[in-house]
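*Asks:* Data: structure-v7.tsv, TSV, N, CA, C and O atoms.
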chain	number	residue	atom	x	y	z
A	11	MET	N	16.10	7.46	-3.82
A	11	MET	CA	14.91	6.94	-3.16
A	11	MET	C	13.76	6.99	-4.15
A	11	MET	O	13.57	7.97	-4.85
A	12	GLY	N	13.00	5.92	-4.20
A	12	GLY	CA	11.87	5.85	-5.11
A	12	GLY	C	10.57	6.20	-4.41
A	12	GLY	O	10.56	6.63	-3.26
A	13	ASN	N	9.51	6.02	-5.13
A	13	ASN	CA	8.20	6.27	-4.55
A	13	ASN	C	7.81	5.14	-3.62
A	13	ASN	O	7.96	3.97	-3.97
A	14	PRO	N	7.29	5.47	-2.44
A	14	PRO	CA	6.84	4.42	-1.53
A	14	PRO	C	5.55	3.79	-2.05
A	14	PRO	O	4.74	4.46	-2.69
A	15	MET	N	5.43	2.49	-1.82
A	15	MET	CA	4.19	1.80	-2.19
A	15	MET	C	3.91	0.70	-1.16
A	15	MET	O	4.81	-0.01	-0.73
A	16	PRO	N	2.65	0.57	-0.77
A	16	PRO	CA	2.28	-0.50	0.16
A	16	PRO	C	2.07	-1.81	-0.59
A	16	PRO	O	1.52	-1.82	-1.69
A	17	VAL	N	2.54	-2.90	0.00
A	17	VAL	CA	2.27	-4.23	-0.53
A	17	VAL	C	1.67	-5.07	0.59
A	17	VAL	O	1.90	-4.82	1.77
A	18	VAL	N	0.88	-6.05	0.21
A	18	VAL	CA	0.29	-6.98	1.17
A	18	VAL	C	1.26	-8.16	1.25
A	18	VAL	O	1.43	-8.89	0.28
A	19	ALA	N	1.92	-8.29	2.39
A	19	ALA	CA	2.99	-9.29	2.53
A	19	ALA	C	2.54	-10.45	3.40
A	19	ALA	O	1.94	-10.26	4.46
A	20	HIS	N	2.85	-11.64	2.93
A	20	HIS	CA	2.60	-12.85	3.71
A	20	HIS	C	3.90	-13.62	3.81
A	20	HIS	O	4.54	-13.90	2.80
A	21	PHE	N	4.32	-13.94	5.03
A	21	PHE	CA	5.49	-14.78	5.24
A	21	PHE	C	4.99	-16.20	5.46
A	21	PHE	O	4.19	-16.43	6.36
A	22	ARG	N	5.44	-17.14	4.64
A	22	ARG	CA	4.99	-18.53	4.77
A	22	ARG	C	5.25	-19.03	6.19
A	22	ARG	O	6.33	-18.88	6.72
A	23	GLY	N	4.21	-19.60	6.79
A	23	GLY	CA	4.30	-20.08	8.16
A	23	GLY	C	3.65	-19.14	9.15
A	23	GLY	O	3.40	-19.51	10.29
A	24	ASP	N	3.39	-17.91	8.74
A	24	ASP	CA	2.71	-16.94	9.59
A	24	ASP	C	1.22	-17.01	9.28
A	24	ASP	O	0.82	-17.36	8.17
A	25	PHE	N	0.40	-16.65	10.23
A	25	PHE	CA	-1.04	-16.65	9.98
A	25	PHE	C	-1.54	-15.25	9.65
A	25	PHE	O	-2.71	-15.09	9.30
A	26	LEU	N	-0.68	-14.25	9.74
A	26	LEU	CA	-1.08	-12.88	9.46
A	26	LEU	C	-0.54	-12.39	8.12
A	26	LEU	O	0.51	-12.85	7.65
A	27	TYR	N	-1.26	-11.47	7.54
A	27	TYR	CA	-0.78	-10.69	6.40
A	27	TYR	C	-0.45	-9.31	6.93
A	27	TYR	O	-1.12	-8.82	7.84
A	28	ASN	N	0.55	-8.68	6.37
A	28	ASN	CA	0.97	-7.36	6.83
A	28	ASN	C	0.97	-6.39	5.67
A	28	ASN	O	1.35	-6.75	4.55
A	29	LEU	N	0.59	-5.16	5.94
A	29	LEU	CA	0.71	-4.10	4.97
A	29	LEU	C	2.09	-3.48	5.19
A	29	LEU	O	2.37	-2.95	6.26
A	30	VAL	N	2.96	-3.61	4.19
A	30	VAL	CA	4.36	-3.19	4.34
A	30	VAL	C	4.66	-2.12	3.29
A	30	VAL	O	4.32	-2.28	2.11
A	31	LEU	N	5.32	-1.07	3.73
A	31	LEU	CA	5.71	0.01	2.83
A	31	LEU	C	7.09	-0.28	2.26
A	31	LEU	O	8.06	-0.43	3.02
A	32	VAL	N	7.18	-0.41	0.95
A	32	VAL	CA	8.46	-0.60	0.28
A	32	VAL	C	8.63	0.53	-0.73
A	32	VAL	O	7.68	1.24	-1.05
A	33	GLU	N	9.85	0.69	-1.22
A	33	GLU	CA	10.14	1.68	-2.25
A	33	GLU	C	10.20	0.98	-3.59
A	33	GLU	O	10.67	-0.15	-3.68
A	34	GLU	N	9.77	1.65	-4.64
A	34	GLU	CA	9.84	1.03	-5.96
A	34	GLU	C	11.28	0.77	-6.39
A	34	GLU	O	11.54	-0.09	-7.22
A	35	THR	N	12.24	1.47	-5.76
A	35	THR	CA	13.65	1.27	-6.07
A	35	THR	C	14.32	0.24	-5.16
A	35	THR	O	15.50	-0.05	-5.33
A	36	ASP	N	13.60	-0.29	-4.17
A	36	ASP	CA	14.15	-1.35	-3.31
A	36	ASP	C	14.43	-2.58	-4.17
A	36	ASP	O	13.64	-2.91	-5.06
A	37	THR	N	15.52	-3.27	-3.86
A	37	THR	CA	15.74	-4.54	-4.53
A	37	THR	C	14.77	-5.56	-3.94
A	37	THR	O	14.20	-5.35	-2.87
A	38	VAL	N	14.59	-6.65	-4.65
A	38	VAL	CA	13.73	-7.73	-4.14
A	38	VAL	C	14.26	-8.23	-2.81
A	38	VAL	O	13.49	-8.54	-1.90
A	39	ALA	N	15.59	-8.28	-2.65
A	39	ALA	CA	16.19	-8.69	-1.37
A	39	ALA	C	15.77	-7.73	-0.25
A	39	ALA	O	15.48	-8.16	0.87
A	40	GLU	N	15.73	-6.44	-0.54
A	40	GLU	CA	15.30	-5.46	0.46
A	40	GLU	C	13.81	-5.60	0.77
A	40	GLU	O	13.39	-5.46	1.92
A	41	VAL	N	13.02	-5.88	-0.25
A	41	VAL	CA	11.58	-6.12	-0.05
A	41	VAL	C	11.40	-7.32	0.89
A	41	VAL	O	10.61	-7.27	1.83
A	42	ALA	N	12.16	-8.38	0.64
A	42	ALA	CA	12.08	-9.58	1.50
A	42	ALA	C	12.40	-9.24	2.94
A	42	ALA	O	11.69	-9.65	3.86
A	43	ARG	N	13.47	-8.49	3.14
A	43	ARG	CA	13.89	-8.12	4.50
A	43	ARG	C	12.83	-7.26	5.19
A	43	ARG	O	12.47	-7.50	6.34
A	44	LYS	N	12.29	-6.28	4.48
A	44	LYS	CA	11.27	-5.41	5.06
A	44	LYS	C	10.01	-6.19	5.44
A	44	LYS	O	9.40	-5.93	6.47
A	45	CYS	N	9.64	-7.14	4.61
A	45	CYS	CA	8.45	-7.95	4.88
A	45	CYS	C	8.71	-8.94	6.01
A	45	CYS	O	7.85	-9.15	6.87
A	46	ALA	N	9.89	-9.54	6.02
A	46	ALA	CA	10.22	-10.56	7.02
A	46	ALA	C	10.28	-10.00	8.43
A	46	ALA	O	9.93	-10.69	9.39
A	47	GLU	N	10.69	-8.74	8.57
A	47	GLU	CA	10.86	-8.19	9.92
A	47	GLU	C	9.56	-8.13	10.71
A	47	GLU	O	9.57	-8.03	11.93
A	48	HIS	N	8.43	-8.24	10.03
A	48	HIS	CA	7.14	-8.23	10.72
A	48	HIS	C	6.72	-9.61	11.23
A	48	HIS	O	5.80	-9.72	12.02
A	49	SER	N	7.39	-10.66	10.76
A	49	SER	CA	7.00	-12.03	11.11
A	49	SER	C	8.11	-12.84	11.77
A	49	SER	O	7.87	-13.54	12.75
A	50	VAL	N	9.32	-12.73	11.22
A	50	VAL	CA	10.43	-13.57	11.69
A	50	VAL	C	10.84	-13.14	13.10
A	50	VAL	O	11.04	-11.95	13.36
A	51	GLY	N	10.95	-14.12	13.97
A	51	GLY	CA	11.30	-13.85	15.36
A	51	GLY	C	10.09	-13.48	16.20
A	51	GLY	O	10.21	-13.29	17.41
A	52	ARG	N	8.95	-13.38	15.57
A	52	ARG	CA	7.70	-13.08	16.29
A	52	ARG	C	6.78	-14.30	16.23
A	52	ARG	O	6.45	-14.88	17.24
A	53	ARG	N	6.36	-14.65	15.02
A	53	ARG	CA	5.47	-15.80	14.84
A	53	ARG	C	6.10	-16.88	13.96
A	53	ARG	O	5.56	-17.96	13.83
A	54	VAL	N	7.21	-16.54	13.34
A	54	VAL	CA	7.95	-17.47	12.48
A	54	VAL	C	9.36	-17.59	13.06
A	54	VAL	O	10.00	-16.58	13.32
A	55	PRO	N	9.84	-18.82	13.28
A	55	PRO	CA	11.18	-18.97	13.85
A	55	PRO	C	12.27	-18.48	12.90
A	55	PRO	O	12.15	-18.59	11.68
A	56	VAL	N	13.32	-17.95	13.50
A	56	VAL	CA	14.49	-17.51	12.74
A	56	VAL	C	15.20	-18.74	12.18
A	56	VAL	O	15.36	-19.74	12.89
A	57	GLN	N	15.60	-18.67	10.92
A	57	GLN	CA	16.37	-19.75	10.30
A	57	GLN	C	17.61	-19.15	9.64
A	57	GLN	O	17.58	-18.00	9.20
A	58	ASP	N	18.64	-19.95	9.57
A	58	ASP	CA	19.86	-19.52	8.87
A	58	ASP	C	19.72	-19.92	7.40
A	58	ASP	O	20.31	-20.90	6.96
A	59	ALA	N	18.89	-19.19	6.70
A	59	ALA	CA	18.62	-19.48	5.29
A	59	ALA	C	18.28	-18.16	4.59
A	59	ALA	O	17.73	-17.25	5.22
A	60	PRO	N	18.59	-18.06	3.32
A	60	PRO	CA	18.24	-16.83	2.59
A	60	PRO	C	16.72	-16.71	2.41
A	60	PRO	O	15.99	-17.71	2.46
A	61	LEU	N	16.29	-15.48	2.21
A	61	LEU	CA	14.88	-15.22	1.97
A	61	LEU	C	14.62	-15.17	0.47
A	61	LEU	O	15.51	-14.87	-0.31
A	62	ARG	N	13.37	-15.46	0.10
A	62	ARG	CA	12.99	-15.30	-1.30
A	62	ARG	C	11.60	-14.69	-1.36
A	62	ARG	O	10.82	-14.79	-0.41
A	63	VAL	N	11.31	-14.06	-2.49
A	63	VAL	CA	10.02	-13.41	-2.70
A	63	VAL	C	9.34	-14.03	-3.91
A	63	VAL	O	9.96	-14.19	-4.97
A	64	GLU	N	8.07	-14.36	-3.73
A	64	GLU	CA	7.25	-14.84	-4.85
A	64	GLU	C	6.21	-13.76	-5.15
A	64	GLU	O	5.61	-13.19	-4.24
A	65	TYR	N	6.02	-13.52	-6.42
A	65	TYR	CA	5.03	-12.54	-6.85
A	65	TYR	C	4.39	-13.06	-8.13
A	65	TYR	O	5.09	-13.42	-9.07
A	66	GLY	N	3.09	-13.14	-8.14
A	66	GLY	CA	2.40	-13.64	-9.31
A	66	GLY	C	2.77	-15.07	-9.66
A	66	GLY	O	2.79	-15.44	-10.83
A	67	GLY	N	3.11	-15.88	-8.63
A	67	GLY	CA	3.45	-17.28	-8.85
A	67	GLY	C	4.88	-17.53	-9.31
A	67	GLY	O	5.23	-18.66	-9.62
A	68	THR	N	5.70	-16.49	-9.32
A	68	THR	CA	7.09	-16.61	-9.77
A	68	THR	C	8.03	-16.17	-8.66
A	68	THR	O	7.79	-15.16	-8.00
A	69	VAL	N	9.11	-16.92	-8.47
A	69	VAL	CA	10.16	-16.51	-7.53
A	69	VAL	C	10.98	-15.43	-8.22
A	69	VAL	O	11.46	-15.61	-9.34
A	70	LEU	N	11.14	-14.29	-7.54
A	70	LEU	CA	11.82	-13.15	-8.13
A	70	LEU	C	13.32	-13.18	-7.88
A	70	LEU	O	13.78	-13.63	-6.83
A	71	ASP	N	14.07	-12.64	-8.81
A	71	ASP	CA	15.52	-12.49	-8.69
A	71	ASP	C	15.80	-11.39	-7.67
A	71	ASP	O	15.26	-10.29	-7.77
A	72	ASP	N	16.67	-11.69	-6.70
A	72	ASP	CA	16.98	-10.75	-5.62
A	72	ASP	C	17.53	-9.41	-6.09
A	72	ASP	O	17.42	-8.42	-5.39
A	73	SER	N	18.16	-9.39	-7.24
A	73	SER	CA	18.83	-8.16	-7.69
A	73	SER	C	17.90	-7.20	-8.42
A	73	SER	O	18.26	-6.04	-8.64
A	74	LEU	N	16.72	-7.65	-8.81
A	74	LEU	CA	15.77	-6.76	-9.47
A	74	LEU	C	15.24	-5.73	-8.49
A	74	LEU	O	15.15	-5.99	-7.29
A	75	THR	N	14.85	-4.57	-9.00
A	75	THR	CA	14.13	-3.63	-8.15
A	75	THR	C	12.67	-4.05	-8.11
A	75	THR	O	12.20	-4.81	-8.98
A	76	ALA	N	11.96	-3.57	-7.12
A	76	ALA	CA	10.53	-3.89	-7.02
A	76	ALA	C	9.81	-3.48	-8.29
A	76	ALA	O	8.98	-4.22	-8.82
A	77	SER	N	10.14	-2.32	-8.81
A	77	SER	CA	9.51	-1.82	-10.03
A	77	SER	C	9.85	-2.71	-11.22
A	77	SER	O	8.95	-3.09	-11.99
A	78	ALA	N	11.11	-3.08	-11.38
A	78	ALA	CA	11.52	-3.94	-12.50
A	78	ALA	C	10.90	-5.32	-12.41
A	78	ALA	O	10.65	-5.97	-13.43
A	79	ALA	N	10.62	-5.77	-11.19
A	79	ALA	CA	9.99	-7.08	-10.99
A	79	ALA	C	8.49	-7.03	-11.26
A	79	ALA	O	7.83	-8.06	-11.29
A	80	GLY	N	7.96	-5.83	-11.44
A	80	GLY	CA	6.54	-5.68	-11.74
A	80	GLY	C	5.64	-5.57	-10.54
A	80	GLY	O	4.42	-5.59	-10.68
A	81	ILE	N	6.22	-5.44	-9.35
A	81	ILE	CA	5.41	-5.32	-8.14
A	81	ILE	C	4.68	-3.98	-8.17
A	81	ILE	O	5.28	-2.94	-8.44
A	82	VAL	N	3.38	-4.04	-7.92
A	82	VAL	CA	2.57	-2.83	-7.90
A	82	VAL	C	1.91	-2.69	-6.53
A	82	VAL	O	1.77	-3.67	-5.79
A	83	PRO	N	1.50	-1.47	-6.18
A	83	PRO	CA	0.90	-1.24	-4.86
A	83	PRO	C	-0.31	-2.13	-4.59
A	83	PRO	O	-1.11	-2.43	-5.48
A	84	MET	N	-0.41	-2.55	-3.34
A	84	MET	CA	-1.53	-3.31	-2.79
A	84	MET	C	-1.67	-4.72	-3.36
A	84	MET	O	-2.69	-5.37	-3.17
A	85	GLU	N	-0.64	-5.22	-4.00
A	85	GLU	CA	-0.64	-6.60	-4.47
A	85	GLU	C	0.06	-7.47	-3.44
A	85	GLU	O	0.87	-7.00	-2.64
A	86	GLU	N	-0.21	-8.78	-3.47
A	86	GLU	CA	0.37	-9.72	-2.51
A	86	GLU	C	1.76	-10.16	-2.94
A	86	GLU	O	1.98	-10.53	-4.09
A	87	VAL	N	2.68	-10.10	-1.99
A	87	VAL	CA	3.99	-10.73	-2.17
A	87	VAL	C	4.11	-11.79	-1.08
A	87	VAL	O	3.67	-11.60	0.05
A	88	ILE	N	4.68	-12.92	-1.44
A	88	ILE	CA	4.86	-14.02	-0.48
A	88	ILE	C	6.35	-14.17	-0.23
A	88	ILE	O	7.14	-14.33	-1.17
A	89	VAL	N	6.72	-14.10	1.02
A	89	VAL	CA	8.12	-14.22	1.42
A	89	VAL	C	8.29	-15.54	2.17
A	89	VAL	O	7.42	-15.94	2.93
A	90	SER	N	9.41	-16.19	1.93
A	90	SER	CA	9.69	-17.44	2.61
A	90	SER	C	11.19	-17.65	2.67
A	90	SER	O	11.95	-16.90	2.06
A	91	TYR	N	11.58	-18.66	3.43
A	91	TYR	CA	12.98	-19.07	3.40
A	91	TYR	C	13.20	-19.90	2.14
A	91	TYR	O	12.33	-20.70	1.75
A	92	ALA	N	14.33	-19.70	1.51
A	92	ALA	CA	14.65	-20.49	0.31
A	92	ALA	C	14.93	-21.92	0.74
A	92	ALA	O	15.51	-22.16	1.81
A	93	PRO	N	14.51	-22.90	-0.07
A	93	PRO	CA	14.79	-24.29	0.30
A	93	PRO	C	16.29	-24.54	0.27
A	93	PRO	O	17.02	-23.94	-0.50
A	94	ARG	N	16.73	-25.46	1.13
A	94	ARG	CA	18.17	-25.76	1.22
A	94	ARG	C	18.55	-26.86	0.31
A	94	ARG	O	17.91	-27.69	-0.11
Can you present the structure in this file as structure tokens?
*Replies:*
Amino acid sequence: MGNPMPVVAHFRGDFLYNLVLVEETDTVAEVARKCAEHSVGRRVPVQDAPLRVEYGGTVLDDSLTASAAGIVPMEEVIVSYAPR
């Protein structure tokens, strides 16, 4: 388990931003899931599509850890469904 860090998460299609606690050792896929659970099925419809995370204008590789991807506390991550 890594150090917890808050990120400002926005799920495309939602009108809210959420403060989400992730671990620096979480994979980007885990970060996406943690962020999505605050929006998907509530204000964003569920889709049968993979999630993706954008940080600093770049789509991140799902297998990277949050730390390896360069995500730092209190920065914005944008989560969305990957295009089909």
*Asks:* Determine, counting all atoms listed in the file, which protein, DNA and RNA residues have an atom within 8 Å of an atom of Val87 (chain A); residues of the same chain fewer than 3 positions away are not included. Present the result as a VMD selection string.
*Replies:* chain A and resid 17 to 22 27 to 28 45 62 to 66 82 84 90
*Asks:* Using Å and a single decimal, report how far CA of Thr35 (chain A) sits from CA of Ser77 (chain A).
*Replies:*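 That distance, rounded to one decimal, is 6.5 Å.
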*Asks:* Using only C-alpha atoms, which residues sit within 12 Å of Leu61 (chain A) once same-chain residues fewer than 6 positions away are excluded, as an MDAnalysis selection string?
*Replies:* chainID A and resid 21:22 38:47 50 69:72 88:94
*Asks:* Write down as a JSON list (two decimals) with N, CA, C and O atoms, in the coordinates of the input the residues of chain A whose backbone DSSP state falls under strand (DSSP E).
*Replies:*
[["chain", "number", "residue", "atom", "x", "y", "z"],
["A", 14, "PRO", "N", 7.29, 5.47, -2.44],
["A", 14, "PRO", "CA", 6.84, 4.42, -1.53],
["A", 14, "PRO", "C", 5.55, 3.79, -2.05],
["A", 14, "PRO", "O", 4.74, 4.46, -2.69],
["A", 15, "MET", "N", 5.43, 2.49, -1.82],
["A", 15, "MET", "CA", 4.19, 1.80, -2.19],
["A", 15, "MET", "C", 3.91, 0.70, -1.16],
["A", 15, "MET", "O", 4.81, -0.01, -0.73],
["A", 16, "PRO", "N", 2.65, 0.57, -0.77],
["A", 16, "PRO", "CA", 2.28, -0.50, 0.16],
["A", 16, "PRO", "C", 2.07, -1.81, -0.59],
["A", 16, "PRO", "O", 1.52, -1.82, -1.69],
["A", 17, "VAL", "N", 2.54, -2.90, 0.00],
["A", 17, "VAL", "CA", 2.27, -4.23, -0.53],
["A", 17, "VAL", "C", 1.67, -5.07, 0.59],
["A", 17, "VAL", "O", 1.90, -4.82, 1.77],
["A", 18, "VAL", "N", 0.88, -6.05, 0.21],
["A", 18, "VAL", "CA", 0.29, -6.98, 1.17],
["A", 18, "VAL", "C", 1.26, -8.16, 1.25],
["A", 18, "VAL", "O", 1.43, -8.89, 0.28],
["A", 19, "ALA", "N", 1.92, -8.29, 2.39],
["A", 19, "ALA", "CA", 2.99, -9.29, 2.53],
["A", 19, "ALA", "C", 2.54, -10.45, 3.40],
["A", 19, "ALA", "O", 1.94, -10.26, 4.46],
["A", 20, "HIS", "N", 2.85, -11.64, 2.93],
["A", 20, "HIS", "CA", 2.60, -12.85, 3.71],
["A", 20, "HIS", "C", 3.90, -13.62, 3.81],
["A", 20, "HIS", "O", 4.54, -13.90, 2.80],
["A", 21, "PHE", "N", 4.32, -13.94, 5.03],
["A", 21, "PHE", "CA", 5.49, -14.78, 5.24],
["A", 21, "PHE", "C", 4.99, -16.20, 5.46],
["A", 21, "PHE", "O", 4.19, -16.43, 6.36],
["A", 27, "TYR", "N", -1.26, -11.47, 7.54],
["A", 27, "TYR", "CA", -0.78, -10.69, 6.40],
["A", 27, "TYR", "C", -0.45, -9.31, 6.93],
["A", 27, "TYR", "O", -1.12, -8.82, 7.84],
["A", 28, "ASN", "N", 0.55, -8.68, 6.37],
["A", 28, "ASN", "CA", 0.97, -7.36, 6.83],
["A", 28, "ASN", "C", 0.97, -6.39, 5.67],
["A", 28, "ASN", "O", 1.35, -6.75, 4.55],
["A", 29, "LEU", "N", 0.59, -5.16, 5.94],
["A", 29, "LEU", "CA", 0.71, -4.10, 4.97],
["A", 29, "LEU", "C", 2.09, -3.48, 5.19],
["A", 29, "LEU", "O", 2.37, -2.95, 6.26],
["A", 30, "VAL", "N", 2.96, -3.61, 4.19],
["A", 30, "VAL", "CA", 4.36, -3.19, 4.34],
["A", 30, "VAL", "C", 4.66, -2.12, 3.29],
["A", 30, "VAL", "O", 4.32, -2.28, 2.11],
["A", 31, "LEU", "N", 5.32, -1.07, 3.73],
["A", 31, "LEU", "CA", 5.71, 0.01, 2.83],
["A", 31, "LEU", "C", 7.09, -0.28, 2.26],
["A", 31, "LEU", "O", 8.06, -0.43, 3.02],
["A", 32, "VAL", "N", 7.18, -0.41, 0.95],
["A", 32, "VAL", "CA", 8.46, -0.60, 0.28],
["A", 32, "VAL", "C", 8.63, 0.53, -0.73],
["A", 32, "VAL", "O", 7.68, 1.24, -1.05],
["A", 33, "GLU", "N", 9.85, 0.69, -1.22],
["A", 33, "GLU", "CA", 10.14, 1.68, -2.25],
["A", 33, "GLU", "C", 10.20, 0.98, -3.59],
["A", 33, "GLU", "O", 10.67, -0.15, -3.68],
["A", 61, "LEU", "N", 16.29, -15.48, 2.21],
["A", 61, "LEU", "CA", 14.88, -15.22, 1.97],
["A", 61, "LEU", "C", 14.62, -15.17, 0.47],
["A", 61, "LEU", "O", 15.51, -14.87, -0.31],
["A", 62, "ARG", "N", 13.37, -15.46, 0.10],
["A", 62, "ARG", "CA", 12.99, -15.30, -1.30],
["A", 62, "ARG", "C", 11.60, -14.69, -1.36],
["A", 62, "ARG", "O", 10.82, -14.79, -0.41],
["A", 63, "VAL", "N", 11.31, -14.06, -2.49],
["A", 63, "VAL", "CA", 10.02, -13.41, -2.70],
["A", 63, "VAL", "C", 9.34, -14.03, -3.91],
["A", 63, "VAL", "O", 9.96, -14.19, -4.97],
["A", 64, "GLU", "N", 8.07, -14.36, -3.73],
["A", 64, "GLU", "CA", 7.25, -14.84, -4.85],
["A", 64, "GLU", "C", 6.21, -13.76, -5.15],
["A", 64, "GLU", "O", 5.61, -13.19, -4.24],
["A", 65, "TYR", "N", 6.02, -13.52, -6.42],
["A", 65, "TYR", "CA", 5.03, -12.54, -6.85],
["A", 65, "TYR", "C", 4.39, -13.06, -8.13],
["A", 65, "TYR", "O", 5.09, -13.42, -9.07],
["A", 68, "THR", "N", 5.70, -16.49, -9.32],
["A", 68, "THR", "CA", 7.09, -16.61, -9.77],
["A", 68, "THR", "C", 8.03, -16.17, -8.66],
["A", 68, "THR", "O", 7.79, -15.16, -8.00],
["A", 69, "VAL", "N", 9.11, -16.92, -8.47],
["A", 69, "VAL", "CA", 10.16, -16.51, -7.53],
["A", 69, "VAL", "C", 10.98, -15.43, -8.22],
["A", 69, "VAL", "O", 11.46, -15.61, -9.34],
["A", 86, "GLU", "N", -0.21, -8.78, -3.47],
["A", 86, "GLU", "CA", 0.37, -9.72, -2.51],
["A", 86, "GLU", "C", 1.76, -10.16, -2.94],
["A", 86, "GLU", "O", 1.98, -10.53, -4.09],
["A", 87, "VAL", "N", 2.68, -10.10, -1.99],
["A", 87, "VAL", "CA", 3.99, -10.73, -2.17],
["A", 87, "VAL", "C", 4.11, -11.79, -1.08],
["A", 87, "VAL", "O", 3.67, -11.60, 0.05],
["A", 88, "ILE", "N", 4.68, -12.92, -1.44],
["A", 88, "ILE", "CA", 4.86, -14.02, -0.48],
["A", 88, "ILE", "C", 6.35, -14.17, -0.23],
["A", 88, "ILE", "O", 7.14, -14.33, -1.17],
["A", 89, "VAL", "N", 6.72, -14.10, 1.02],
["A", 89, "VAL", "CA", 8.12, -14.22, 1.42],
["A", 89, "VAL", "C", 8.29, -15.54, 2.17],
["A", 89, "VAL", "O", 7.42, -15.94, 2.93],
["A", 90, "SER", "N", 9.41, -16.19, 1.93],
["A", 90, "SER", "CA", 9.69, -17.44, 2.61],
["A", 90, "SER", "C", 11.19, -17.65, 2.67],
["A", 90, "SER", "O", 11.95, -16.90, 2.06],
["A", 91, "TYR", "N", 11.58, -18.66, 3.43],
["A", 91, "TYR", "CA", 12.98, -19.07, 3.40],
["A", 91, "TYR", "C", 13.20, -19.90, 2.14],
["A", 91, "TYR", "O", 12.33, -20.70, 1.75]]
